[in-house]
Structure formats: structure tokens, C-alpha cells
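**Student:** Below is a structure I'd like to ask you about.
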Amino acid sequence: MEMVHSNAHGRRPRRAGRVRGAALTATAVIGALTLAACSGGQSVGGNSSVADSGSKYGFKAASQDSKAQVTVWVDSTREPIAKAYNKAHPHAQVKIVTYDGNANGSNTFKTKTQLFDRAGSGWPDVAFTTDNNSASWGSFGGTGDLAAVNKGLVPQTTLDNFAKGSLDVCTVKGVTYCFRNDLAQNVLWYNKKLMDKFGYQVPTTWEQYQQLAGKVAAEHPGYLVGTAGDAWTPEIYMWAAQCPANDVTGAKTIKADTSDPKCVRAAKMLDRLIADKTMSTLSLFGSDFVKNEADKVLMLPGPSWYGGSVFQGTLKTPAGQIAAASPLKWADDDQTVTGDVGGGAWWISSHSKNLKAAADFATWVTGQAKYGSALAPTYPAYVPAAQTWASETQKSGYYADDIVAPLSQAAGQVWSGWGSAQFSQEAIWAKVVQAGMAQGKTVVSQLPAWQTEIENQARTFGYEVTK
């Protein structure tokens with residue numbers, strides 16, 4: 001095995017860098033990622049000039065050699081599943097190379113691909129990234145480095161088995177460029193033991209959630225209903241509110257309006273709960289939270305990986321206490337939507353000389369609920385694998401109630417209006433809103449500054465900003 005870059009189990013969320021080995025193994029989660037579900041599959045770039053209607057793959061492919069070795073780039077967390085593929089396919093010519101997986105916003109995949117473009121060789125056949133936004137550059141301009149997977153390379157029946165909307169993040173003008181590895185759909189985690197003890201009902205709307213927070217503040221001060229101390233806070237609360245702060249509307253256009261009532265409602269909620277001290281402003285993975293607030297978590301809106309990584313791993317909450325409920329809904333919204341805090345993707349290079357083998361690898365690894373003998377560290381995007389994963393996770397005996405139904409439901413409810421641009425929303429939130437909160441500023445008061453920074457970053461990356 002060859003080492004390109006060393007790193008732990010790095011991850012997102014969604015991007016200025018995010019060590020989300022948490023979602024995946026569980027010791028630390030910091031930083032930020034940058035993306036998640038795109039608007040209508042049109043949130044990223046696209047380059048029709050590299051399309052080839054005469055090709056059976058829908059793009060200009062290299063000369064194919066069925067015996068050519070396939071090089072696969074993985075991070076250390078995904079290394080076991082790559083090895084499992086080789087074990088299950090002893091005659092496959094797959095070379096495994098470990099690298100940082102784009103953790104902490106490194107952009108290694110993009111940077112090295114650009115070097116290979118100039119050299120005319122060196123591209124991996126398949127690469128895993130802890131972010132999902134590679135289509136924003138790999139399908140746009142130049143050679144078109146990413147292979148379309150839905151134009152003949154992979155059967156549509158296979159793609160149809162991915163969770164609803166999960167491939168939107170890498171779909172450009174109807175062309176899909178990735179296989180989503182895992183999801184990080186948000187649900188409402190709660191401590192059933194404490195909820196029963198206090199006589200509280202699990203809320204189903206954000207309005208009920210706020211009302212219950214008020215009761216908690218009055219009747220059980222010190223207990224928490226959420227946290228707002230991490231860079232992925234907007235992906236939980238603003239995304240679920242359908243705040244149009246990150247609506248990527250075209251190849252190089254983005255809409256941002258943080259003054260929208262849907263942004264304001266979420267910001268006001270955060271401010272109210274922070275003021276009541278039922279919303280922590282400490283980082284979930286920080287030593288202060290673990291030491292002082294770990295046993296005070298009554299409810300916690302957050303991604304699917306919170307169950308294992310946060311409660312079972314970091315906070316050491318005893319078995320039989322934690323349960324999950326469906327995502328909360330704003331009462332005046334027509335339907336329930338939720339956000340997403342993580343999840344990576346597999347990409348196939350358009351330069352691969354063995355596309356069939358590359359596609360076989362990518363479809364096989366995303367279809368597995370287990371990484372060798374161990375259960376996959378996160379919720380699979382491939383529905384059949386997700387069903388097995390959720391069932392096996394439930395059988396662990398850790399959870400106080402059924403988590404299969406709420407996780408499965410939320411997997412198809414991620415709002416598509418929060419786009420996947422080339423810059424990190426999490427980095428922006430940390431720089432502007434989080435920093436302001438540390439100075440005692442309200443979230444509402446910082447909405448204009450948040451928008452200004454979004455616009456500045458977007459223009460830096462060549463986007464036209466509309467309102």
C-alpha cells in the first residue's frame with residue numbers, strides 16, 4: 001500500500017475543514033466541510049464541452065483496457081472497505097492508496113487532479129472524499145475530470161437505490177458524477193430516560209421544541225435541548241428552516257438572502273434558547289462540554305452519526321437512554337425537511353482506462369453495510385445497505401427505542417435548497433457568527449454580516465451573487 005498523505009479519519013462537516021472522524025469513528029469532530037444536497041441537482045458547475053453523445057458512457061473516455069490496474073484513493077476510515085473489496089474479488093487489480101480524503105478543507109483531490117491534468121497522467125481511477133462538492137469543479141471546464149455515472153456507465157436501477165435526493169449534490173444538469181457513500185441526515189436525538197422522568201412529550205414541531213425549552217429552563221435549569229457551539233450549527237437549524245443562505249442556482253450563480261423570514265425565525269429561536277441557557281454554545285467535542293454538560297443533554301437536533309459518535313462515544317451516555325425522533329417541522333411549512341451534516345462520496349475519473357472495473361469497485365463499496373467484519377461507521381446512502389445498517393445498529397442494544405424509522409424517514413427529507421458551492425459555509429459561520437456569539441452578540445444581529453461574508457466568499461470563487 002502506498003501513502004500519499006497521512007491523516008486520521010478526517011471529516012467535514014460540510015467544510016472549512018472538518019475532522020469528522022467523529023461521524024466515523026468518534027474521537028473528535030472539528031472544523032467544517034462544505035456542502036450537502038444541491039438545489040434540484042443544478043447547484044454546481046457543468047461542462048457540456050466534454051460530453052460525447054457518441055460515447056457509450058456519455059463523455060470522452062480514454063482507450064479502455066479491461067486488464068488495466070485500478071488505483072483507488074481512500075482515507076484511513078474507508079481503507080477497510082477497500083481492502084474488503086480486494087478480499088472479495090481476489091482477481092481484481094485494485095491498488096489502494098491512502099490520503100487525507102479532503103479532510104479539513106484540504107482540497108487535496110482537486111489540487112492533485114490539477115497537477116495530473118498538467119502532466120497528462122497520474123489520476124486515480126476512483127477517489128473517496130469526505131466532502132461532496134467535487135462536481136463543482138470536476139465537471140466544469142478543462143478536461144472534465146469526473147466520469148458521468150448515469151449516462152451508460154452504471155445501470156439506472158443501481159442509482160435508483162440511493163436515498164431520495166442523496167445524489168443531487170453531485171448531479172449537474174441531469175448528469176450524476178458520484179456515488180454517495182454515507183448520509184448525515186438530521187433527526188431529533190433525545191434522552192428518553194430523562195424525558196420520561198420529567199414527564200415531557202417529544203416535540204414534533206420547532207414551535208413545540210421552543211415551548212418545551214422554556215419549560216426546561218423554568219423547571220430543570222441546566223438541562224439542554226441543543227447546542228450551537230460548532231461550525232455546522234447552520235446545517236442543523238438554518239438548513240431545516242429552509243433559510244436561503246446557500247442556494248446555488250447555477251454553474252456560477254448563488255442566491256443568498258439571510259434577511260428572509262425563514263432565516264430570521266431560526267436565528268430568533270437560537271437566540272431565545274441561548275438566552276434561556278437551554279442551548280449550549282460550547283463545542284460538542286470540547287473538553288468543557290464533556291466535563292460540564294455531558295449528563296445534561298435532554299434533546300439534541302443533529303445528524304445520524306450523533307448516536308454513536310456523540311452519545312455513545314464522546315459523552316459516554318449509558319445504554320438504554322438515547323432515542324431518535326423524526327426531524328422537527330416548522331408548523332407553517334407544507335412538509336418536513338431537514339439538514340445534513342456530513343457524508344462523503346466516491347468519484348470515478350473520466351481518465352480511467354478501466355471504467356468497468358472502477359465502476360464495479362465504487363458500486364460494490366457503497367452497497368455494503370459492513371466494512372469487513374465491522375459495521376460501517378456511518379449511515380449508508382445506498383438504501384438496501386442502510387436498511388441492514390440500521391437494523392444491525394438497533395440490535396446493539398444501546399438505544400432506548402427504535403431509531404430505524406426516524407433515520408430512514410429523514411434520509412429522504414434533506415432539503416435540496418442548501419447548495420454545494422466550492423467554498424465553506426461552515427468556515428463563514430465560524431468566522432462571523434460563532435465569533436460574534438463569543439462576544440455576546442445575538443445571531444439575529446449578525447445575519448447581515450453573515451450574508452456579506454457569504455457574498456464575499458462567493459465572488460472570490462467566481463460566483464455571481466443574486467438575491
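Labeling convention for the C-alpha cells: chains A, B, ... as they appear, residues from 1 per chain, ligands from 1 in order of appearance.
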Please tabulate, as JSON lines, the residues of segment 133-203 of chain A that come within 12 Å of segment 218-236 of chain A, each with its closest pair of atoms and the distance in Å to one decimal, counting only C-alpha atoms and ordering rows by chain, then residue number upward.

**Tutor:**
```
{"residue": "A:Ala184", "atom": "CA", "partner": "A:Glu235", "partner_atom": "CA", "distance": 10.5}
{"residue": "A:Gln185", "atom": "CA", "partner": "A:Ile236", "partner_atom": "CA", "distance": 9.2}
{"residue": "A:Asn186", "atom": "CA", "partner": "A:Ile236", "partner_atom": "CA", "distance": 6.7}
{"residue": "A:Val187", "atom": "CA", "partner": "A:Ile236", "partner_atom": "CA", "distance": 9.1}
{"residue": "A:Leu188", "atom": "CA", "partner": "A:Gly226", "partner_atom": "CA", "distance": 9.6}
{"residue": "A:Trp189", "atom": "CA", "partner": "A:Gly226", "partner_atom": "CA", "distance": 9.5}
{"residue": "A:Tyr190", "atom": "CA", "partner": "A:Val225", "partner_atom": "CA", "distance": 8.3}
{"residue": "A:Asn191", "atom": "CA", "partner": "A:Val225", "partner_atom": "CA", "distance": 10.0}
{"residue": "A:Leu194", "atom": "CA", "partner": "A:Tyr223", "partner_atom": "CA", "distance": 9.9}
{"residue": "A:Met195", "atom": "CA", "partner": "A:Val225", "partner_atom": "CA", "distance": 11.0}
{"residue": "A:Lys197", "atom": "CA", "partner": "A:His220", "partner_atom": "CA", "distance": 11.4}
{"residue": "A:Phe198", "atom": "CA", "partner": "A:His220", "partner_atom": "CA", "distance": 8.6}
{"residue": "A:Gly199", "atom": "CA", "partner": "A:Glu219", "partner_atom": "CA", "distance": 11.2}
{"residue": "A:Tyr200", "atom": "CA", "partner": "A:Glu219", "partner_atom": "CA", "distance": 11.2}
{"residue": "A:Val202", "atom": "CA", "partner": "A:Val225", "partner_atom": "CA", "distance": 11.2}
{"residue": "A:Pro203", "atom": "CA", "partner": "A:Val225", "partner_atom": "CA", "distance": 11.1}
```

**Student:** List the neighbours of Trp330 of chain A out to 8 Å using only C-alpha atoms; skip same-chain residues closer than 4 positions along the sequence, and give me the result as a list in words.

**Tutor:** Thr205, Trp206, Glu207, Ala241 and Thr336 of chain A

**Student:** With C-alpha atoms retained, could you export that selection as a CSV table (one decimal), in the first residue's frame?

**Tutor:**
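Dumped to part18.csv:
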```csv
chain,number,residue,atom,x,y,z
A,205,THR,CA,-42.5,20.9,15.5
A,206,TRP,CA,-39.9,23.6,16.1
A,207,GLU,CA,-42.6,25.6,17.9
A,241,ALA,CA,-35.7,26.3,8.4
A,336,THR,CA,-41.0,18.3,6.9
```

**Student:** So that I can see what lies close to Ser280 of chain A, please list as a ChimeraX atom specification the residues with an atom at most 12 Å from it, counting only C-alpha atoms and leaving out residues fewer than 2 positions away in the same chain.

**Tutor:** /A:222-230,233,270-278,282-284,286,288-290,292-294,296-300,437-438

**Student:** Of the residues A:Asp125, A:Asp295, A:Asp145, A:Asp260, which is the one nearest to Thr317 of chain A, using only C-alpha atoms?

**Tutor:**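 Of A:Asp125, A:Asp295, A:Asp145, A:Asp260, the one nearest Thr317 of chain A is A:Asp295, counting only C-alpha atoms.
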
**Student:** So which one's closest to Lys255 of chain A, A:Cys243, A:Ala449, A:Val310, A:Val72? Using only C-alpha atoms, please.

**Tutor:** A:Cys243

**Student:** Looking only at the backbone, which of the residues in segment 82-197 of chain A does DSSP tag as strand (DSSP E or B), as a PyMOL selection string?

**Tutor:** chain A and resi 94-98+126-129+146+162+171-172+175-176+178-180+182-183+185-191

**Student:** Taking N, CA and C atoms for each residue, export the selection above as a JSON list (two decimals), in the first residue's frame.

**Tutor:**
```
[["chain", "number", "residue", "atom", "x", "y", "z"],
["A", 94, "VAL", "N", -6.74, -4.00, -8.03],
["A", 94, "VAL", "CA", -7.03, -2.74, -7.35],
["A", 94, "VAL", "C", -5.88, -2.36, -6.43],
["A", 95, "LYS", "N", -5.32, -1.21, -6.67],
["A", 95, "LYS", "CA", -4.24, -0.68, -5.85],
["A", 95, "LYS", "C", -4.83, 0.36, -4.90],
["A", 96, "ILE", "N", -4.63, 0.17, -3.60],
["A", 96, "ILE", "CA", -5.20, 1.07, -2.60],
["A", 96, "ILE", "C", -4.15, 2.10, -2.17],
["A", 97, "VAL", "N", -4.52, 3.36, -2.27],
["A", 97, "VAL", "CA", -3.64, 4.46, -1.85],
["A", 97, "VAL", "C", -4.38, 5.29, -0.80],
["A", 98, "THR", "N", -3.76, 5.50, 0.34],
["A", 98, "THR", "CA", -4.40, 6.31, 1.39],
["A", 98, "THR", "C", -3.96, 7.76, 1.28],
["A", 126, "VAL", "N", -10.49, 5.88, -9.00],
["A", 126, "VAL", "CA", -11.59, 6.14, -8.07],
["A", 126, "VAL", "C", -11.03, 6.89, -6.88],
["A", 127, "ALA", "N", -11.79, 7.84, -6.36],
["A", 127, "ALA", "CA", -11.34, 8.57, -5.16],
["A", 127, "ALA", "C", -12.52, 8.79, -4.22],
["A", 128, "PHE", "N", -12.25, 8.65, -2.93],
["A", 128, "PHE", "CA", -13.25, 8.97, -1.92],
["A", 128, "PHE", "C", -12.93, 10.35, -1.37],
["A", 129, "THR", "N", -13.97, 11.15, -1.12],
["A", 129, "THR", "CA", -13.76, 12.43, -0.45],
["A", 129, "THR", "C", -14.74, 12.55, 0.71],
["A", 146, "LEU", "N", -14.23, 14.30, -13.99],
["A", 146, "LEU", "CA", -15.06, 13.29, -13.37],
["A", 146, "LEU", "C", -15.94, 12.58, -14.39],
["A", 162, "PHE", "N", -30.19, 4.59, -4.36],
["A", 162, "PHE", "CA", -29.65, 5.56, -3.41],
["A", 162, "PHE", "C", -30.81, 6.36, -2.82],
["A", 171, "THR", "N", -25.10, 16.05, -8.94],
["A", 171, "THR", "CA", -25.78, 15.98, -10.23],
["A", 171, "THR", "C", -25.80, 17.36, -10.86],
["A", 172, "VAL", "N", -25.29, 17.46, -12.08],
["A", 172, "VAL", "CA", -25.17, 18.72, -12.77],
["A", 172, "VAL", "C", -25.92, 18.64, -14.09],
["A", 175, "VAL", "N", -26.74, 15.26, -15.11],
["A", 175, "VAL", "CA", -25.63, 14.31, -15.16],
["A", 175, "VAL", "C", -25.11, 14.07, -13.76],
["A", 176, "THR", "N", -25.06, 12.82, -13.34],
["A", 176, "THR", "CA", -24.61, 12.47, -11.99],
["A", 176, "THR", "C", -23.14, 12.05, -12.03],
["A", 178, "CYS", "N", -21.23, 11.17, -8.96],
["A", 178, "CYS", "CA", -20.70, 10.49, -7.78],
["A", 178, "CYS", "C", -21.60, 9.37, -7.31],
["A", 179, "PHE", "N", -21.06, 8.57, -6.41],
["A", 179, "PHE", "CA", -21.83, 7.61, -5.63],
["A", 179, "PHE", "C", -21.74, 8.10, -4.20],
["A", 180, "ARG", "N", -22.86, 8.47, -3.64],
["A", 180, "ARG", "CA", -22.84, 8.95, -2.25],
["A", 180, "ARG", "C", -22.51, 7.79, -1.34],
["A", 182, "ASP", "N", -22.19, 7.90, 2.30],
["A", 182, "ASP", "CA", -22.96, 7.89, 3.54],
["A", 182, "ASP", "C", -23.73, 9.18, 3.69],
["A", 183, "LEU", "N", -24.72, 9.14, 4.55],
["A", 183, "LEU", "CA", -25.56, 10.30, 4.81],
["A", 183, "LEU", "C", -25.35, 10.76, 6.25],
["A", 185, "GLN", "N", -28.05, 12.79, 7.76],
["A", 185, "GLN", "CA", -29.34, 13.46, 7.90],
["A", 185, "GLN", "C", -29.64, 13.76, 9.36],
["A", 186, "ASN", "N", -30.21, 14.93, 9.58],
["A", 186, "ASN", "CA", -30.51, 15.36, 10.94],
["A", 186, "ASN", "C", -31.84, 14.80, 11.44],
["A", 187, "VAL", "N", -31.85, 14.36, 12.67],
["A", 187, "VAL", "CA", -33.06, 13.93, 13.37],
["A", 187, "VAL", "C", -33.06, 14.61, 14.73],
["A", 188, "LEU", "N", -34.04, 14.31, 15.56],
["A", 188, "LEU", "CA", -34.07, 14.83, 16.92],
["A", 188, "LEU", "C", -33.65, 13.71, 17.87],
["A", 189, "TRP", "N", -32.44, 13.79, 18.38],
["A", 189, "TRP", "CA", -31.98, 12.85, 19.39],
["A", 189, "TRP", "C", -32.48, 13.33, 20.76],
["A", 190, "TYR", "N", -32.82, 12.40, 21.63],
["A", 190, "TYR", "CA", -33.28, 12.81, 22.95],
["A", 190, "TYR", "C", -32.98, 11.71, 23.97],
["A", 191, "ASN", "N", -32.92, 12.12, 25.22],
["A", 191, "ASN", "CA", -32.70, 11.18, 26.31],
["A", 191, "ASN", "C", -34.07, 10.72, 26.83]]
```

**Student:** Quote the spacing between atom CA of Pro448 of chain A and atom CA of Thr258 of chain A in Å to one decimal place.

**Tutor:**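 Atom CA of Thr258 of chain A lies 6.8 Å from atom CA of Pro448 of chain A.
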
**Student:** Nearest to Phe361 of chain A among A:Gly165, A:Phe285, A:Asn86, A:Gln413, with distances taken over only C-alpha atoms: which residue is it?

**Tutor:**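 Closest residue, counting only C-alpha atoms: A:Asn86.
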
**Student:** Give me every alpha helix (DSSP H) residue in segment 46-284 of chain A, going by DSSP on the backbone, as an MDAnalysis selection string.

**Tutor:** chainID A and resid 79:88 108:119 135:138 156:159 192:198 206:219 233:240 261:275

**Student:** Rank A:Leu355, A:Ala376, A:Ala135, A:Ala325 by their smallest atom-to-atom distance to Gln422 of chain A, using only C-alpha atoms, and report the top residue only.

**Tutor:**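 Nearest to Gln422 of chain A: A:Ala135.
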
**Student:** Which of these, A:Thr338, A:Pro380, A:Phe59, A:Lys441, has the shortest distance to Gly152 of chain A once you count only C-alpha atoms?

**Tutor:**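 Checking each of A:Thr338, A:Pro380, A:Phe59, A:Lys441 against Gly152 of chain A, counting only C-alpha atoms, the winner is A:Phe59.
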
**Student:** Show which residues sit within 9 Å of Trp389 of chain A, as a PDB file with N, CA and C atoms, in the first residue's frame. Count only C-alpha atoms, and ignore same-chain residues fewer than 5 positions away.

**Tutor:**
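File produced: around33.pdb:
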```
ATOM      1  N   GLN A 368     -22.334  -1.776   0.663  1.00  0.00           N
ATOM      2  CA  GLN A 368     -22.026  -2.610   1.828  1.00  0.00           C
ATOM      3  C   GLN A 368     -22.454  -1.955   3.137  1.00  0.00           C
ATOM      4  N   ALA A 369     -23.059  -2.724   3.995  1.00  0.00           N
ATOM      5  CA  ALA A 369     -23.427  -2.238   5.329  1.00  0.00           C
ATOM      6  C   ALA A 369     -22.295  -2.465   6.316  1.00  0.00           C
ATOM      7  N   LYS A 370     -21.360  -3.323   5.936  1.00  0.00           N
ATOM      8  CA  LYS A 370     -20.242  -3.636   6.818  1.00  0.00           C
ATOM      9  C   LYS A 370     -18.914  -3.355   6.125  1.00  0.00           C
ATOM     10  N   LEU A 375     -19.431  -3.189  11.342  1.00  0.00           N
ATOM     11  CA  LEU A 375     -20.480  -2.398  10.730  1.00  0.00           C
ATOM     12  C   LEU A 375     -19.890  -1.091  10.213  1.00  0.00           C
ATOM     13  N   ALA A 376     -20.366  -0.616   9.073  1.00  0.00           N
ATOM     14  CA  ALA A 376     -19.900   0.661   8.521  1.00  0.00           C
ATOM     15  C   ALA A 376     -20.036   1.744   9.582  1.00  0.00           C
ATOM     16  N   THR A 378     -20.864   4.845   9.431  1.00  0.00           N
ATOM     17  CA  THR A 378     -21.916   5.840   9.253  1.00  0.00           C
ATOM     18  C   THR A 378     -23.063   5.278   8.426  1.00  0.00           C
ATOM     19  N   TYR A 379     -24.164   6.022   8.382  1.00  0.00           N
ATOM     20  CA  TYR A 379     -25.392   5.593   7.719  1.00  0.00           C
ATOM     21  C   TYR A 379     -25.207   5.571   6.201  1.00  0.00           C
ATOM     22  N   PRO A 380     -25.319   4.400   5.556  1.00  0.00           N
ATOM     23  CA  PRO A 380     -25.095   4.308   4.109  1.00  0.00           C
ATOM     24  C   PRO A 380     -26.149   5.076   3.305  1.00  0.00           C
ATOM     25  N   PRO A 384     -30.615  -0.277   0.362  1.00  0.00           N
ATOM     26  CA  PRO A 384     -30.552  -1.648   0.901  1.00  0.00           C
ATOM     27  C   PRO A 384     -29.483  -1.804   1.988  1.00  0.00           C
ATOM     28  N   GLN A 394     -29.562  -1.092  15.579  1.00  0.00           N
ATOM     29  CA  GLN A 394     -30.631  -1.218  16.569  1.00  0.00           C
ATOM     30  C   GLN A 394     -30.406  -2.434  17.465  1.00  0.00           C
TER      31      GLN A 394
END
```
